[in-house]
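protein-v3.cif follows (mmCIF, C-alpha atoms and all ligand atoms):
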data_structure
loop_
_atom_site.label_atom_id
_atom_site.label_comp_id
_atom_site.auth_asym_id
_atom_site.auth_seq_id
_atom_site.Cartn_x
_atom_site.Cartn_y
_atom_site.Cartn_z
CA MET A 13 42.70 151.28 112.91
CA SER A 14 42.82 148.69 115.71
CA GLU A 15 39.59 147.34 117.12
CA PRO A 16 38.41 148.85 120.40
CA VAL A 17 39.06 146.95 123.61
CA VAL A 18 36.55 147.27 126.43
CA VAL A 19 36.56 145.71 129.90
CA VAL A 20 33.20 145.30 131.61
CA GLY A 21 33.70 144.87 135.33
CA GLY A 22 34.07 146.32 138.78
CA TRP A 23 37.18 147.87 140.31
CA ALA A 24 37.05 145.65 143.43
CA SER A 25 37.05 142.34 141.60
CA PRO A 26 40.34 140.41 141.57
CA PHE A 27 39.21 138.68 138.39
CA VAL A 28 38.69 142.02 136.68
CA THR A 29 42.03 143.28 138.02
CA ARG A 30 43.75 140.26 136.52
CA VAL A 31 42.43 141.22 133.08
CA CYS A 32 43.43 144.86 133.48
CA ILE A 33 46.96 143.81 134.52
CA ALA A 34 47.24 141.62 131.42
CA LEU A 35 46.17 144.49 129.17
CA ARG A 36 48.62 146.85 130.85
CA LEU A 37 51.47 144.36 130.56
CA LYS A 38 50.75 144.29 126.85
CA GLY A 39 50.38 148.04 126.65
CA VAL A 40 46.89 147.71 125.18
CA GLU A 41 44.64 150.72 125.59
CA TYR A 42 41.17 149.90 126.79
CA GLU A 43 37.98 151.45 128.01
CA PHE A 44 36.71 150.39 131.43
CA LEU A 45 32.95 150.10 131.88
CA GLN A 46 32.22 150.03 135.60
CA GLU A 47 29.31 147.83 136.62
CA ALA A 48 27.00 149.32 139.25
CA VAL A 49 27.17 147.49 142.59
CA GLY A 50 24.37 144.98 143.00
CA ARG A 51 23.17 145.29 139.44
CA LYS A 52 24.18 143.69 136.18
CA SER A 53 24.08 145.74 133.04
CA GLU A 54 22.30 144.64 129.94
CA LEU A 55 25.70 144.58 128.21
CA LEU A 56 27.16 142.20 130.83
CA LEU A 57 24.20 139.83 130.69
CA ARG A 58 24.15 139.85 126.90
CA SER A 59 27.92 139.32 126.68
CA ASN A 60 28.16 136.56 129.29
CA PRO A 61 24.79 134.80 129.26
CA VAL A 62 26.25 131.54 130.59
CA TYR A 63 27.84 132.74 133.86
CA ARG A 64 26.46 136.31 134.05
CA LYS A 65 29.72 137.39 135.69
CA MET A 66 32.42 139.96 135.24
CA PRO A 67 34.91 140.44 133.75
CA VAL A 68 33.94 140.46 130.13
CA LEU A 69 36.38 141.64 127.52
CA LEU A 70 34.94 143.08 124.33
CA HIS A 71 37.36 143.15 121.43
CA GLY A 72 35.88 144.74 118.37
CA GLY A 73 32.50 144.12 119.98
CA ARG A 74 33.10 140.39 120.38
CA PRO A 75 32.87 139.13 123.97
CA VAL A 76 35.45 136.95 125.71
CA CYS A 77 34.50 135.64 129.16
CA GLU A 78 36.29 134.09 132.16
CA SER A 79 39.36 135.94 133.39
CA LEU A 80 41.89 133.18 132.70
CA VAL A 81 40.52 132.69 129.21
CA ILE A 82 40.70 136.44 128.71
CA VAL A 83 44.32 136.64 129.87
CA GLN A 84 45.29 133.93 127.43
CA TYR A 85 43.30 135.64 124.69
CA VAL A 86 45.04 138.95 125.37
CA ASP A 87 48.40 137.18 125.26
CA GLU A 88 47.58 135.66 121.87
CA ALA A 89 45.58 138.46 120.26
CA PHE A 90 48.25 141.04 121.10
CA SER A 91 51.24 138.78 120.69
CA ALA A 92 53.15 141.49 118.87
CA ALA A 93 52.76 143.88 121.80
CA GLY A 94 54.77 143.72 125.01
CA LYS A 95 56.34 140.57 126.43
CA PRO A 96 54.46 137.26 126.42
CA ILE A 97 52.45 136.74 129.61
CA LEU A 98 52.61 132.95 129.61
CA PRO A 99 55.92 131.14 129.14
CA ALA A 100 56.52 129.48 125.78
CA ASP A 101 57.48 126.12 127.25
CA PRO A 102 54.37 123.88 127.47
CA TYR A 103 55.34 122.43 130.85
CA ARG A 104 55.88 125.85 132.40
CA ARG A 105 52.61 127.03 130.87
CA ALA A 106 50.85 124.11 132.52
CA VAL A 107 52.40 124.96 135.89
CA HIS A 108 51.28 128.60 135.55
CA ARG A 109 47.75 127.51 134.69
CA PHE A 110 47.70 125.11 137.62
CA TRP A 111 48.52 127.86 140.13
CA ALA A 112 46.16 130.31 138.51
CA GLU A 113 43.31 127.82 138.82
CA TYR A 114 44.36 126.96 142.36
CA ALA A 115 44.23 130.63 143.31
CA ASP A 116 40.79 130.93 141.76
CA ALA A 117 39.49 127.94 143.67
CA LYS A 118 40.68 129.49 146.95
CA VAL A 119 39.72 133.08 146.22
CA ALA A 120 36.52 132.76 144.24
CA ALA A 121 33.98 131.76 146.89
CA PRO A 122 33.40 135.17 148.53
CA PHE A 123 32.94 136.80 145.14
CA THR A 124 30.51 134.26 143.79
CA THR A 125 27.01 135.40 144.42
CA SER A 126 25.63 134.40 141.08
CA ASP A 127 21.95 135.14 140.90
CA THR A 128 21.41 132.04 138.82
CA GLU A 129 23.19 129.84 141.35
CA ARG A 130 21.38 131.45 144.23
CA TYR A 131 18.02 131.19 142.51
CA GLY A 132 18.74 127.55 141.68
CA ARG A 133 19.57 126.73 145.29
CA ARG A 134 16.47 128.50 146.55
CA ARG A 135 14.26 126.62 144.16
CA GLN A 136 15.74 123.34 145.27
CA GLY A 137 15.29 124.31 148.92
CA ARG A 138 18.98 123.75 149.59
CA CYS A 139 20.01 127.30 150.22
CA ARG A 140 21.86 127.73 153.49
CA GLY A 141 23.12 131.21 152.62
CA ALA A 142 22.50 133.45 155.62
CA GLY A 143 22.07 136.43 153.31
CA VAL A 144 19.22 134.91 151.39
CA ARG A 145 17.51 133.59 154.47
CA ARG A 146 17.63 136.95 156.23
CA ALA A 147 16.66 139.02 153.23
CA PRO A 148 13.68 141.22 154.06
CA ALA A 149 12.13 140.35 150.73
CA ALA A 150 12.35 136.67 151.58
CA ARG A 151 10.15 137.26 154.59
CA GLY A 152 7.95 139.87 153.00
CA GLY A 153 5.69 137.59 151.06
CA LEU A 154 6.33 139.20 147.68
CA PRO A 155 5.19 136.96 144.87
CA GLY A 156 7.28 135.38 142.07
CA VAL A 157 9.41 137.60 139.92
CA GLN A 158 8.88 140.64 142.16
CA ARG A 159 10.27 138.73 145.12
CA ARG A 160 13.24 137.43 143.19
CA GLU A 161 14.09 140.93 141.94
CA ALA A 162 13.89 142.30 145.46
CA LEU A 163 16.21 139.55 146.66
CA LEU A 164 18.72 140.33 143.93
CA ARG A 165 18.65 144.03 144.76
CA TRP A 166 19.13 143.23 148.43
CA GLY A 167 21.86 140.66 147.92
N1 LIG B 1 35.69 132.33 137.09
C1 LIG B 1 35.31 133.69 136.86
C2 LIG B 1 34.90 134.32 138.18
C3 LIG B 1 34.33 135.71 137.98
C4 LIG B 1 33.56 136.19 139.22
O1 LIG B 1 33.29 135.44 140.17
N2 LIG B 1 33.19 137.46 139.16
C5 LIG B 1 32.42 138.02 140.24
C6 LIG B 1 32.96 139.39 140.61
S1 LIG B 1 34.52 139.24 141.42
C7 LIG B 1 30.99 138.23 139.78
O2 LIG B 1 30.74 138.66 138.66
N3 LIG B 1 30.07 137.95 140.69
C8 LIG B 1 28.69 138.15 140.43
C9 LIG B 1 27.92 136.87 140.54
O3 LIG B 1 28.49 135.85 140.98
O4 LIG B 1 26.74 136.91 140.21
C10 LIG B 1 36.45 134.44 136.20
O5 LIG B 1 37.61 134.04 136.41
O6 LIG B 1 36.19 135.37 135.43
#
Transcribe the structure of this file into structure tokens.
Ligand SMILES: N[C@@H](CCC(=O)N[C@@H](CS)C(=O)NCC(=O)O)C(=O)O
Amino acid sequence: MSEPVVVVGGWASPFVTRVCIALRLKGVEYEFLQEAVGRKSELLLRSNPVYRKMPVLLHGGRPVCESLVIVQYVDEAFSAAGKPILPADPYRRAVHRFWAEYADAKVAAPFTTSDTERYGRRRQGRCRGAGVRRAPAARGGLPGVQRREALLRWG
């Protein structure tokens, strides 16, 4: 029996959509675990402890992170299924990767609200994010962890 494929993500994320498209192109059946808005599940945090972002692909319980890495993994792990996603020619592969990374660089910013990045900027006093500055919890005088959790819930 083939190993189960699970996507951890949110329906509105273009990075998650990219992974789902790759799986569909390959005809791979998968389960979709929807992340709750504004919260990160234990499974997501455990599976992607470095970036703490979606999507995460779980294949037989093993996590693969970063949408472009996942697409390439899907292409290779399910090479027998469907048509190849990336071209075989190394030069054309490089061109495809270039545009995929270019698109990410242009699209990613509005979707990047990483709590670790935000927390890091706050600690360094460099945060110019209007959201963080206006957060009620930021003005409310909550101490330490409590304050950070309130900020994360708010943002
Ligand atoms: N480079 C990552 C970007 C993923 C990403 O930014 N995901 C967003 C959702 S669209 C996310 O998890 N944001 C939460 C956060 O930044 O904390 C990828 O390609 O997978």
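Ranking A:Val18, A:Ala92, A:Ala106, A:Val62 by their shortest atom-to-atom distance to ligand LIG 1 (chain B), with all atoms listed in the file included, puts A:Val62 first.
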Requested in this report: Would you mind listing the residues within 9 Å of ligand LIG 1 (chain B), counting only C-alpha atoms and all ligand atoms, as a PyMOL selection string?
Outcome: chain A and resi 21-22+24-28+30-31+50+52+63-68+77-82+113+116-117+120-130
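Near His71 (chain A), within 10 Å and counting all atoms listed in the file, sit Ser14, Glu15, Pro16, Val17, Val18, Val19, Tyr42, Pro75, Val76, Val86 and Ala89 of chain A; same-chain residues fewer than 4 positions away were not included.
Straight-line separation from CA of Tyr114 (chain A) to CA of Leu35 (chain A): 22.0 Å.
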Query raised in the report: In Å, with one decimal, what is the gap from CA of Asp87 (chain A) to CA of Glu43 (chain A)?
Result: 17.9 Å
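Every residue within 10 Å of the file position (29.0, 143.4, 119.7), judged by only C-alpha atoms, is given as Leu55, Arg58, Ser59, Leu70, His71, Gly72, Gly73, Arg74 and Pro75 of chain A.
With all atoms listed in the file as the basis for measurement, A:Pro96 is the residue among A:Pro96, A:Glu54, A:Leu45, A:Asn60 that approaches Val83 (chain A) most closely.
Note that CA of Leu56 (chain A) and CA of Glu88 (chain A) are 23.2 Å apart.
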Requested in this report: For Gly39 (chain A), please output as JSON, numbers by chain all residues within 9 Å (counting all atoms listed in the file; exclusion window: fewer than 4 positions along the same chain).
Outcome: {"A": [34, 35, 93, 94]}
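Each of A:Gln84, A:Arg36, A:Glu41, A:Val20 was checked against Arg105 (chain A) using only C-alpha atoms; the smallest atom-to-atom distance is that of A:Gln84.
Residue nearest Leu37 (chain A), chosen from A:Leu69, A:Val107, A:Ile97, A:Val119 and counting all atoms listed in the file: A:Ile97.
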